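Novice: Next up, input28.pdb (PDB, C-alpha atoms).
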MODEL        1
ATOM      1  CA  MET A 167      -5.553   8.557 -17.198
ATOM      2  CA  GLN A 168      -4.127   9.658 -13.850
ATOM      3  CA  ARG A 169      -3.513   7.057 -11.179
ATOM      4  CA  THR A 170      -6.127   8.373  -8.771
ATOM      5  CA  THR A 171      -8.839   8.064 -11.417
ATOM      6  CA  ARG A 172      -7.729   4.558 -12.364
ATOM      7  CA  PHE A 173      -7.807   3.471  -8.728
ATOM      8  CA  ARG A 174     -11.271   4.921  -8.179
ATOM      9  CA  LEU A 175     -12.558   3.077 -11.252
ATOM     10  CA  LEU A 176     -11.021  -0.165  -9.974
ATOM     11  CA  ILE A 177     -12.751   0.285  -6.609
ATOM     12  CA  GLU A 178     -16.078   1.023  -8.281
ATOM     13  CA  ALA A 179     -15.830  -1.921 -10.709
ATOM     14  CA  PRO A 180     -17.956  -5.029 -10.027
ATOM     15  CA  GLU A 181     -14.822  -7.203  -9.813
ATOM     16  CA  ILE A 182     -12.892  -7.166  -6.557
ATOM     17  CA  LEU A 183      -9.548  -5.366  -6.636
ATOM     18  CA  VAL A 184      -6.688  -7.495  -5.277
ATOM     19  CA  LEU A 185      -3.905  -5.397  -3.738
ATOM     20  CA  PRO A 186      -0.606  -7.176  -3.028
ATOM     21  CA  GLY A 187       1.556  -5.658  -0.340
ATOM     22  CA  VAL A 188       4.947  -4.248  -1.303
ATOM     23  CA  HIS A 189       7.622  -2.791   0.940
ATOM     24  CA  ASP A 190      10.192  -1.371  -1.473
ATOM     25  CA  ALA A 191      10.635  -0.506  -5.135
ATOM     26  CA  LEU A 192      11.982  -3.971  -5.969
ATOM     27  CA  SER A 193       8.946  -5.812  -4.595
ATOM     28  CA  LEU A 194       6.736  -3.257  -6.333
ATOM     29  CA  ARG A 195       8.423  -3.968  -9.682
ATOM     30  CA  ILE A 196       7.873  -7.702  -9.176
ATOM     31  CA  ALA A 197       4.180  -7.122  -8.390
ATOM     32  CA  GLU A 198       3.857  -4.930 -11.478
ATOM     33  CA  GLN A 199       5.453  -7.562 -13.718
ATOM     34  CA  ALA A 200       3.189 -10.216 -12.190
ATOM     35  CA  GLY A 201       0.254  -8.310 -13.650
ATOM     36  CA  PHE A 202      -1.461  -6.588 -10.722
ATOM     37  CA  SER A 203      -3.478  -3.447 -11.449
ATOM     38  CA  ALA A 204      -2.547  -1.648  -8.198
ATOM     39  CA  VAL A 205      -0.540  -2.232  -5.019
ATOM     40  CA  THR A 206      -0.538  -1.317  -1.355
ATOM     41  CA  CYS A 207       2.223  -0.572   1.140
ATOM     42  CA  GLY A 208       1.377  -0.373   4.834
ATOM     43  CA  GLY A 209       3.195   0.720   7.940
ATOM     44  CA  TYR A 210       3.723  -2.864   9.132
ATOM     45  CA  SER A 211       5.910  -3.838   6.178
ATOM     46  CA  ALA A 212       7.435  -0.375   5.864
ATOM     47  CA  THR A 213       8.562  -0.353   9.502
ATOM     48  CA  ALA A 214       9.962  -3.868   9.194
ATOM     49  CA  GLY A 215      11.777  -3.004   5.978
ATOM     50  CA  LEU A 216      13.118   0.410   6.966
ATOM     51  CA  LEU A 217      13.810  -0.169  10.675
ATOM     52  CA  GLY A 218      13.625  -3.905  11.290
ATOM     53  CA  GLN A 219      11.142  -2.995  14.028
ATOM     54  CA  PRO A 220       7.437  -3.646  14.815
ATOM     55  CA  ASP A 221       4.590  -1.453  13.619
ATOM     56  CA  VAL A 222       3.982   0.633  16.748
ATOM     57  CA  ALA A 223       4.022   4.146  15.224
ATOM     58  CA  GLN A 224       7.795   4.412  14.929
ATOM     59  CA  LEU A 225       7.917   5.958  11.442
ATOM     60  CA  THR A 226       7.071   9.629  11.039
ATOM     61  CA  MET A 227       4.783  11.106   8.409
ATOM     62  CA  THR A 228       7.681  12.567   6.455
ATOM     63  CA  GLU A 229       9.508   9.225   6.427
ATOM     64  CA  MET A 230       6.406   7.525   5.062
ATOM     65  CA  ALA A 231       5.789  10.263   2.489
ATOM     66  CA  GLU A 232       9.393  10.056   1.288
ATOM     67  CA  MET A 233       9.097   6.284   0.946
ATOM     68  CA  TYR A 234       5.844   6.621  -1.007
ATOM     69  CA  ALA A 235       7.451   9.187  -3.304
ATOM     70  CA  ARG A 236      10.208   6.702  -4.168
ATOM     71  CA  LEU A 237       7.683   3.946  -4.769
ATOM     72  CA  CYS A 238       5.419   6.087  -6.937
ATOM     73  CA  ASP A 239       8.403   7.317  -8.920
ATOM     74  CA  SER A 240       9.248   3.716  -9.812
ATOM     75  CA  THR A 241       5.867   2.679 -11.218
ATOM     76  CA  GLU A 242       2.758   3.775 -13.065
ATOM     77  CA  LEU A 243       0.560   1.561 -10.888
ATOM     78  CA  PRO A 244      -1.836   3.219  -8.418
ATOM     79  CA  LEU A 245      -0.624   2.875  -4.829
ATOM     80  CA  PHE A 246      -2.865   2.593  -1.750
ATOM     81  CA  ALA A 247      -1.042   4.196   1.192
ATOM     82  CA  ASP A 248      -1.179   3.980   4.975
ATOM     83  CA  ALA A 249      -1.682   7.378   6.630
ATOM     84  CA  ASP A 250      -1.764   5.880  10.125
ATOM     85  CA  THR A 251      -3.835   8.055  12.495
ATOM     86  CA  GLY A 252      -3.139  11.125  10.373
ATOM     87  CA  TYR A 253      -0.081  11.804  12.564
ATOM     88  CA  GLY A 254      -1.851  14.173  14.925
ATOM     89  CA  ASN A 255      -4.895  16.426  14.949
ATOM     90  CA  THR A 256      -6.921  17.798  12.049
ATOM     91  CA  THR A 257      -4.141  20.206  11.082
ATOM     92  CA  ASN A 258      -1.656  17.343  10.915
ATOM     93  CA  VAL A 259      -4.108  15.247   8.913
ATOM     94  CA  ALA A 260      -4.425  17.990   6.294
ATOM     95  CA  ARG A 261      -0.639  18.226   6.015
ATOM     96  CA  THR A 262      -0.404  14.448   5.698
ATOM     97  CA  VAL A 263      -2.868  14.372   2.813
ATOM     98  CA  ARG A 264      -1.018  17.131   0.994
ATOM     99  CA  ALA A 265       2.324  15.378   1.471
ATOM    100  CA  TYR A 266       0.961  12.026   0.300
ATOM    101  CA  GLU A 267      -0.641  13.636  -2.749
ATOM    102  CA  ARG A 268       2.684  15.229  -3.671
ATOM    103  CA  ALA A 269       4.285  11.792  -3.275
ATOM    104  CA  GLY A 270       1.898  10.461  -5.910
ATOM    105  CA  VAL A 271      -0.315   8.010  -4.018
ATOM    106  CA  ALA A 272      -3.704   7.136  -5.510
ATOM    107  CA  ALA A 273      -5.467   6.430  -2.215
ATOM    108  CA  LEU A 274      -4.833   6.479   1.514
ATOM    109  CA  PHE A 275      -6.469   5.313   4.717
ATOM    110  CA  ILE A 276      -6.735   6.980   8.103
ATOM    111  CA  GLU A 277      -7.575   5.003  11.238
ATOM    112  CA  ASP A 278      -9.352   5.856  14.469
ATOM    113  CA  GLN A 279      -6.776   4.465  16.891
ATOM    114  CA  VAL A 280      -5.265   6.455  19.713
ATOM    115  CA  SER A 281      -1.711   7.522  18.906
ATOM    116  CA  PRO A 282       0.745   5.859  19.171
ATOM    117  CA  LYS A 283      -1.151   3.196  17.236
ATOM    118  CA  ARG A 284      -0.484  -0.519  16.911
ATOM    119  CA  CYS A 285      -0.792  -2.990  14.065
ATOM    120  CA  GLY A 286      -4.485  -3.763  13.671
ATOM    121  CA  HIS A 287      -4.069  -7.420  14.674
ATOM    122  CA  MET A 288      -2.045  -6.731  17.835
ATOM    123  CA  GLU A 289      -3.353  -6.594  21.397
ATOM    124  CA  GLY A 290      -3.755  -3.394  23.390
ATOM    125  CA  LYS A 291      -5.383  -1.104  20.834
ATOM    126  CA  ARG A 292      -7.473   1.917  21.802
ATOM    127  CA  VAL A 293      -9.689   4.139  19.684
ATOM    128  CA  VAL A 294     -10.402   7.865  19.771
ATOM    129  CA  PRO A 295     -13.982   9.183  20.132
ATOM    130  CA  ALA A 296     -15.913   8.860  16.890
ATOM    131  CA  ALA A 297     -16.347  12.651  16.665
ATOM    132  CA  GLU A 298     -12.572  13.110  16.671
ATOM    133  CA  MET A 299     -12.208  10.712  13.762
ATOM    134  CA  VAL A 300     -15.024  12.426  11.851
ATOM    135  CA  ALA A 301     -13.210  15.735  12.214
ATOM    136  CA  LYS A 302     -10.025  14.154  10.861
ATOM    137  CA  LEU A 303     -11.879  12.744   7.880
ATOM    138  CA  LYS A 304     -13.395  16.129   7.116
ATOM    139  CA  ALA A 305      -9.932  17.696   7.280
ATOM    140  CA  ALA A 306      -8.549  15.018   4.945
ATOM    141  CA  LEU A 307     -11.334  15.445   2.415
ATOM    142  CA  ASP A 308     -10.983  19.233   2.441
ATOM    143  CA  ALA A 309      -7.207  19.035   2.053
ATOM    144  CA  ARG A 310      -7.086  16.820  -1.022
ATOM    145  CA  VAL A 311      -6.440  18.663  -4.264
ATOM    146  CA  ASP A 312      -7.450  15.811  -6.557
ATOM    147  CA  ALA A 313     -11.103  14.905  -6.026
ATOM    148  CA  ASP A 314     -10.385  11.378  -7.321
ATOM    149  CA  LEU A 315      -7.959  10.658  -4.462
ATOM    150  CA  ILE A 316      -9.638   7.879  -2.459
ATOM    151  CA  VAL A 317      -9.849   8.599   1.280
ATOM    152  CA  CYS A 318     -10.485   5.382   3.182
ATOM    153  CA  ALA A 319     -11.654   5.374   6.804
ATOM    154  CA  ARG A 320     -10.479   2.514   8.988
ATOM    155  CA  THR A 321     -11.960   1.644  12.353
ATOM    156  CA  ASP A 322     -10.279  -0.571  14.934
ATOM    157  CA  ALA A 323     -13.285  -0.545  17.262
ATOM    158  CA  ARG A 324     -14.051  -4.262  16.747
ATOM    159  CA  ALA A 325     -11.278  -5.306  19.123
ATOM    160  CA  ILE A 326     -12.297  -2.801  21.813
ATOM    161  CA  ASN A 327     -16.080  -2.475  21.819
ATOM    162  CA  GLY A 328     -17.296  -5.163  19.433
ATOM    163  CA  LEU A 329     -18.455  -5.422  15.852
ATOM    164  CA  SER A 330     -21.685  -3.439  16.230
ATOM    165  CA  GLU A 331     -19.821  -0.314  17.307
ATOM    166  CA  ALA A 332     -17.272  -0.811  14.540
ATOM    167  CA  ILE A 333     -20.073  -0.946  11.966
ATOM    168  CA  GLU A 334     -21.772   2.100  13.493
ATOM    169  CA  ARG A 335     -18.508   4.010  13.267
ATOM    170  CA  ALA A 336     -18.006   2.953   9.656
ATOM    171  CA  GLN A 337     -21.526   4.118   8.814
ATOM    172  CA  LEU A 338     -20.787   7.464  10.461
ATOM    173  CA  TYR A 339     -17.482   7.781   8.609
ATOM    174  CA  ARG A 340     -19.323   7.150   5.357
ATOM    175  CA  GLU A 341     -21.743   9.970   6.198
ATOM    176  CA  ALA A 342     -18.700  12.189   6.781
ATOM    177  CA  GLY A 343     -17.621  11.509   3.194
ATOM    178  CA  ALA A 344     -15.189   8.570   3.306
ATOM    179  CA  ASP A 345     -14.923   6.878  -0.107
ATOM    180  CA  LEU A 346     -13.927   3.436   1.161
ATOM    181  CA  LEU A 347     -14.564   1.763   4.546
ATOM    182  CA  PHE A 348     -12.216  -0.568   6.377
ATOM    183  CA  VAL A 349     -13.389  -2.446   9.480
ATOM    184  CA  GLU A 350     -10.172  -3.928  10.825
ATOM    185  CA  ALA A 351      -9.953  -7.483  12.160
ATOM    186  CA  PRO A 352     -13.448  -9.013  12.050
ATOM    187  CA  GLN A 353     -13.080 -12.424  13.638
ATOM    188  CA  THR A 354     -15.522 -14.687  11.786
ATOM    189  CA  VAL A 355     -16.969 -15.104   8.315
ATOM    190  CA  ASP A 356     -20.372 -14.040   9.668
ATOM    191  CA  GLU A 357     -18.828 -10.820  10.961
ATOM    192  CA  MET A 358     -17.331 -10.183   7.526
ATOM    193  CA  ARG A 359     -20.745 -10.668   5.943
ATOM    194  CA  ARG A 360     -22.239  -8.159   8.383
ATOM    195  CA  VAL A 361     -19.610  -5.592   7.423
ATOM    196  CA  CYS A 362     -20.608  -5.748   3.763
ATOM    197  CA  SER A 363     -24.354  -5.968   4.336
ATOM    198  CA  GLU A 364     -24.635  -3.171   6.915
ATOM    199  CA  ILE A 365     -22.223  -0.578   5.534
ATOM    200  CA  PRO A 366     -23.658   1.213   2.492
ATOM    201  CA  ALA A 367     -20.316   1.825   0.797
ATOM    202  CA  PRO A 368     -17.387   0.013  -0.816
ATOM    203  CA  CYS A 369     -15.598  -2.041   1.853
ATOM    204  CA  LEU A 370     -12.053  -3.339   2.167
ATOM    205  CA  ALA A 371     -10.988  -6.766   3.440
ATOM    206  CA  ASN A 372      -7.547  -7.261   4.948
ATOM    207  CA  ASN A 373      -5.887 -10.692   4.741
ATOM    208  CA  ILE A 374      -3.129 -11.099   7.340
ATOM    209  CA  GLU A 375      -1.645 -14.584   7.448
ATOM    210  CA  GLY A 376      -1.854 -15.657  11.094
ATOM    211  CA  GLY A 377      -4.035 -12.668  12.002
ATOM    212  CA  ARG A 378      -7.481 -12.510  13.574
ATOM    213  CA  THR A 379      -9.565 -12.471  10.391
ATOM    214  CA  PRO A 380     -10.353 -15.674   8.450
ATOM    215  CA  ILE A 381      -8.400 -15.828   5.203
ATOM    216  CA  LEU A 382     -10.803 -16.031   2.261
ATOM    217  CA  SER A 383     -10.084 -16.029  -1.453
ATOM    218  CA  ALA A 384     -10.670 -12.974  -3.594
ATOM    219  CA  ARG A 385     -13.600 -14.735  -5.268
ATOM    220  CA  GLN A 386     -15.236 -15.510  -1.906
ATOM    221  CA  LEU A 387     -14.774 -11.919  -0.762
ATOM    222  CA  GLU A 388     -16.174 -10.565  -4.020
ATOM    223  CA  GLU A 389     -19.277 -12.740  -3.630
ATOM    224  CA  MET A 390     -19.597 -11.447  -0.073
ATOM    225  CA  GLY A 391     -19.597  -7.871  -1.376
ATOM    226  CA  PHE A 392     -16.103  -6.517  -0.695
ATOM    227  CA  ALA A 393     -14.772  -4.004  -3.224
ATOM    228  CA  THR A 394     -11.092  -4.687  -2.569
ATOM    229  CA  VAL A 395      -8.814  -6.967  -0.578
ATOM    230  CA  THR A 396      -5.261  -6.390   0.581
ATOM    231  CA  TRP A 397      -2.579  -8.990   1.187
ATOM    232  CA  PRO A 398      -0.227  -6.524   2.889
ATOM    233  CA  VAL A 399       2.373  -8.772   4.541
ATOM    234  CA  SER A 400       2.544 -11.868   2.318
ATOM    235  CA  ALA A 401       5.686 -10.692   0.535
ATOM    236  CA  CYS A 402       7.467  -9.829   3.782
ATOM    237  CA  TYR A 403       6.647 -13.184   5.338
ATOM    238  CA  THR A 404       7.834 -14.981   2.203
ATOM    239  CA  ILE A 405      11.112 -13.075   2.168
ATOM    240  CA  VAL A 406      11.794 -13.911   5.822
ATOM    241  CA  ARG A 407      11.476 -17.645   5.147
ATOM    242  CA  ALA A 408      13.526 -17.489   1.933
ATOM    243  CA  LEU A 409      16.349 -15.437   3.442
ATOM    244  CA  ARG A 410      16.530 -17.603   6.554
ATOM    245  CA  GLU A 411      17.081 -20.619   4.318
ATOM    246  CA  THR A 412      19.604 -18.851   2.091
ATOM    247  CA  TYR A 413      21.635 -17.308   4.904
ATOM    248  CA  GLY A 414      21.479 -20.569   6.838
ATOM    249  CA  ALA A 415      22.858 -22.475   3.853
ATOM    250  CA  LEU A 416      25.612 -19.914   3.307
ATOM    251  CA  LEU A 417      26.681 -20.051   6.950
ATOM    252  CA  ARG A 418      26.477 -23.834   7.114
ATOM    253  CA  ASP A 419      28.029 -24.740   3.753
ATOM    254  CA  GLY A 420      30.160 -21.720   2.937
ATOM    255  CA  HIS A 421      28.392 -21.353  -0.427
ATOM    256  CA  THR A 422      24.886 -21.043  -1.901
ATOM    257  CA  ASN A 423      25.014 -23.933  -4.370
ATOM    258  CA  ASN A 424      22.404 -25.912  -2.441
ATOM    259  CA  VAL A 425      19.828 -23.107  -2.657
ATOM    260  CA  ARG A 426      20.598 -21.797  -6.155
ATOM    261  CA  GLU A 427      17.375 -23.282  -7.564
ATOM    262  CA  ARG A 428      15.443 -20.787  -5.403
ATOM    263  CA  MET A 429      17.215 -17.809  -6.942
ATOM    264  CA  VAL A 430      17.000 -15.916 -10.203
ATOM    265  CA  ASP A 431      20.282 -15.534 -12.050
ATOM    266  CA  PHE A 432      22.324 -12.450 -12.921
ATOM    267  CA  GLU A 433      20.745 -11.842 -16.322
ATOM    268  CA  GLU A 434      17.183 -12.444 -15.136
ATOM    269  CA  PHE A 435      17.621 -10.019 -12.253
ATOM    270  CA  ASN A 436      19.077  -7.333 -14.532
ATOM    271  CA  ASN A 437      16.107  -7.752 -16.862
ATOM    272  CA  LEU A 438      13.735  -7.496 -13.899
ATOM    273  CA  ILE A 439      15.131  -4.166 -12.740
ATOM    274  CA  GLY A 440      15.172  -2.716 -16.238
ATOM    275  CA  LEU A 441      18.854  -2.687 -17.190
ATOM    276  CA  PRO A 442      18.167  -3.309 -20.925
ATOM    277  CA  GLN A 443      15.871  -0.266 -21.040
ATOM    278  CA  VAL A 444      18.483   1.879 -19.302
ATOM    279  CA  ARG A 445      21.171   0.795 -21.753
ATOM    280  CA  GLU A 446      18.844   1.415 -24.707
ATOM    281  CA  ALA A 447      18.051   4.915 -23.447
ATOM    282  CA  GLU A 448      21.754   5.669 -22.932
ATOM    283  CA  ALA A 449      22.544   4.514 -26.459
ATOM    284  CA  GLY A 450      19.760   6.713 -27.824
ATOM    285  CA  TYR A 451      21.119   9.792 -26.060
ATOM    286  CA  ASP A 452      24.648   9.031 -27.267
ATOM    287  CA  GLU A 453      23.408   8.641 -30.842
ATOM    288  CA  PHE A 454      21.483  11.906 -30.634
ATOM    289  CA  ALA A 455      24.586  13.711 -29.352
ATOM    290  CA  ARG A 456      26.813  12.253 -32.096
ATOM    291  CA  GLU A 457      24.391  13.241 -34.834
ATOM    292  CA  LEU A 458      24.038  16.750 -33.472
ATOM    293  CA  VAL A 459      27.817  17.231 -33.224
ATOM    294  CA  GLU A 460      28.393  15.782 -36.701
ATOM    295  CA  THR A 461      25.744  18.105 -38.179
ATOM    296  CA  ALA A 462      27.343  21.088 -36.481
ATOM    297  CA  GLU A 463      30.786  20.104 -37.761
ATOM    298  CA  ARG A 464      29.529  19.730 -41.327
ATOM    299  CA  THR A 465      27.869  23.121 -41.121
ATOM    300  CA  GLU A 466      31.130  24.721 -40.001
ATOM    301  CA  THR A 467      33.074  23.254 -42.934
ATOM    302  CA  THR A 468      30.649  24.442 -45.599
TER     303      THR A 468
ENDMDL
END
Would it be possible to restate this file's structure as C-alpha cells?
Specialist:
Amino acid sequence: MQRTTRFRLLIEAPEILVLPGVHDALSLRIAEQAGFSAVTCGGYSATAGLLGQPDVAQLTMTEMAEMYARLCDSTELPLFADADTGYGNTTNVARTVRAYERAGVAALFIEDQVSPKRCGHMEGKRVVPAAEMVAKLKAALDARVDADLIVCARTDARAINGLSEAIERAQLYREAGADLLFVEAPQTVDEMRRVCSEIPAPCLANNIEGGRTPILSARQLEEMGFATVTWPVSACYTIVRALRETYGALLRDGHTNNVRERMVDFEEFNNLIGLPQVREAEAGYDEFARELVETAERTETT
C-alpha cells in the first residue's frame, strides 16, 4: 500500500494518530524503530537543523523539498510535511505540491499567514484574506496527482482576530476541499473543544512544549475528537539539552567519561543506522558476482 493511502487511513481511523517530529534522517530512523506509524517534519525544526536559525521563512521551497526527498528515501513511513504559505501565489502553491509529491511526502499543510510567515506560536503574525487562502487550497488540490495525498489547511487567525474567526476560516477551508484542518495555537482546553465540535472534519492538534496551547495527552485529545496530534519540536528540544551537557562535560573535563551513560555505544549506533544490513547486501552481491564468474569460467573450459 502506498504511503499516501496508509496516511489517509490512519487519519480516518477512530484512534488518534501520534506524529513525532523529526528533523533529519537519523531522528526519523529512531522514530521508526520506536514503533511510530508516521512522522512529521516542520519548518521550525528544519530551519534550526539546517541553518541554526529561527523559523521566519528562511528556507526556500526547493530546500524543503530536497530535505523531504532525503527523508522519504530513508524510510517507508508516511511523512506529514510543512508547505509553509505555499511559497507564493496559486501558481507557486501548485508547483510546491508537485515538488513535494515527487519528494514522496504522504501529506502536507498550507497556512494562511502573510509571507514571510512566523512560527505559529510567535508574536507578530498576520493572515491573508480568507479568499486568498481558499484560492491556494483549490490550486493545491488541483495540482496533486495522487488523490490520496492529504492536503491540510492551517489557519493562524486565532492570534490575530480570535477563535471564532479561526473556526469560521477552518469551516470555509473544509468547504474548499481541505482533507484535514489545523487551527494553530488555541489557548485553552475549552478552545480546543470548540475546534473539534464546530469544525465538521478531521482536526489536528499541535503540542509545542512552552507554546501557547495546553499540552494534553494523546488519549485526552482523542476523547476530545482530534484525529491526529503532532509533537514537532520535542526531539529538537531534547537534543539541545543533551548536547549542552555533553559538550559542557567535554570542555570542562577533557573527556566524555562522565556522560557516557547517556550515550549509545559504537556497535549499537551501527546497528541503528543499518550497517549489518548494508554488509549483508554487499556480501550477497559479491557472492552473486563470484558465482556468475565461476559459471562463465567453467563454460569456457568445457
Novice: Between atom CA of Leu315 of chain A and atom CA of Thr170 of chain A, what is the spacing in Å?
Specialist: 5.2 Å
Novice: Tell me which of A:Asp345, A:Glu229, A:Glu289, A:Asp190 sits closest to Phe275 of chain A, counting all atoms listed in the file.
Specialist: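 Result for the nearest residue to Phe275 of chain A: A:Asp345.
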Novice: Between A:Leu192, A:Ala306, A:Val399, A:Cys318, single out the one closest to Ala367 of chain A, counting only C-alpha atoms.
Specialist: A:Cys318
Novice: Quick one: of A:Ile381, A:Leu243, A:Ile333, A:Thr354, who's nearest to Met167 of chain A, counting all atoms listed in the file?
Specialist: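 Nearest candidate to Met167 of chain A out of A:Ile381, A:Leu243, A:Ile333, A:Thr354: A:Leu243.
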Novice: What gap, in Å, lies between atom CA of Ala309 of chain A and atom CA of Arg268 of chain A?
Specialist: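 According to the coordinates, atom CA of Ala309 of chain A and atom CA of Arg268 of chain A are separated by 12.0 Å.
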Novice: Just the residues within 12 Å of Thr257 of chain A, please, counting all atoms listed in the file, with nothing from its chain fewer than 6 positions along; format it as an MDAnalysis selection string.
Specialist: chainID A and resid 263:264 301:306 308:309
Novice: Tell me which protein, DNA and RNA residues are within 7 Å of Phe392 of chain A, counting only C-alpha atoms, leaving out same-chain ones fewer than 4 positions away, and put them as a list in words.
Specialist: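 Skipping anything fewer than 4 positions along the chain leaves Ile182, Cys362, Pro368, Cys369, Leu370, Ala371, Leu387 and Glu388 of chain A.
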Novice: I want to know what sits within 8 Å of Pro398 of chain A, based on all atoms listed in the file, with residues of the same chain fewer than 5 positions away left out; could you give that as a VMD selection string?
Specialist: chain A and resid 185 to 188 206 to 208 211 372 to 374
Novice: Would you list the contacts of Ser330 of chain A as a VMD selection string, taking every protein, DNA or RNA residue within 12 Å and counting all atoms listed in the file, but skipping same-chain residues closer than 6 positions in sequence?
Specialist: chain A and resid 321 to 324 336 to 337 349 352 357 to 358 360 to 361 364 to 365
Novice: Take the PyMOL selection byres ((chain A and resi 246) around 6), run it mentally on this structure, and tell me the resulting residues as a ChimeraX atom specification.
Specialist: /A:206,245,247,272-274
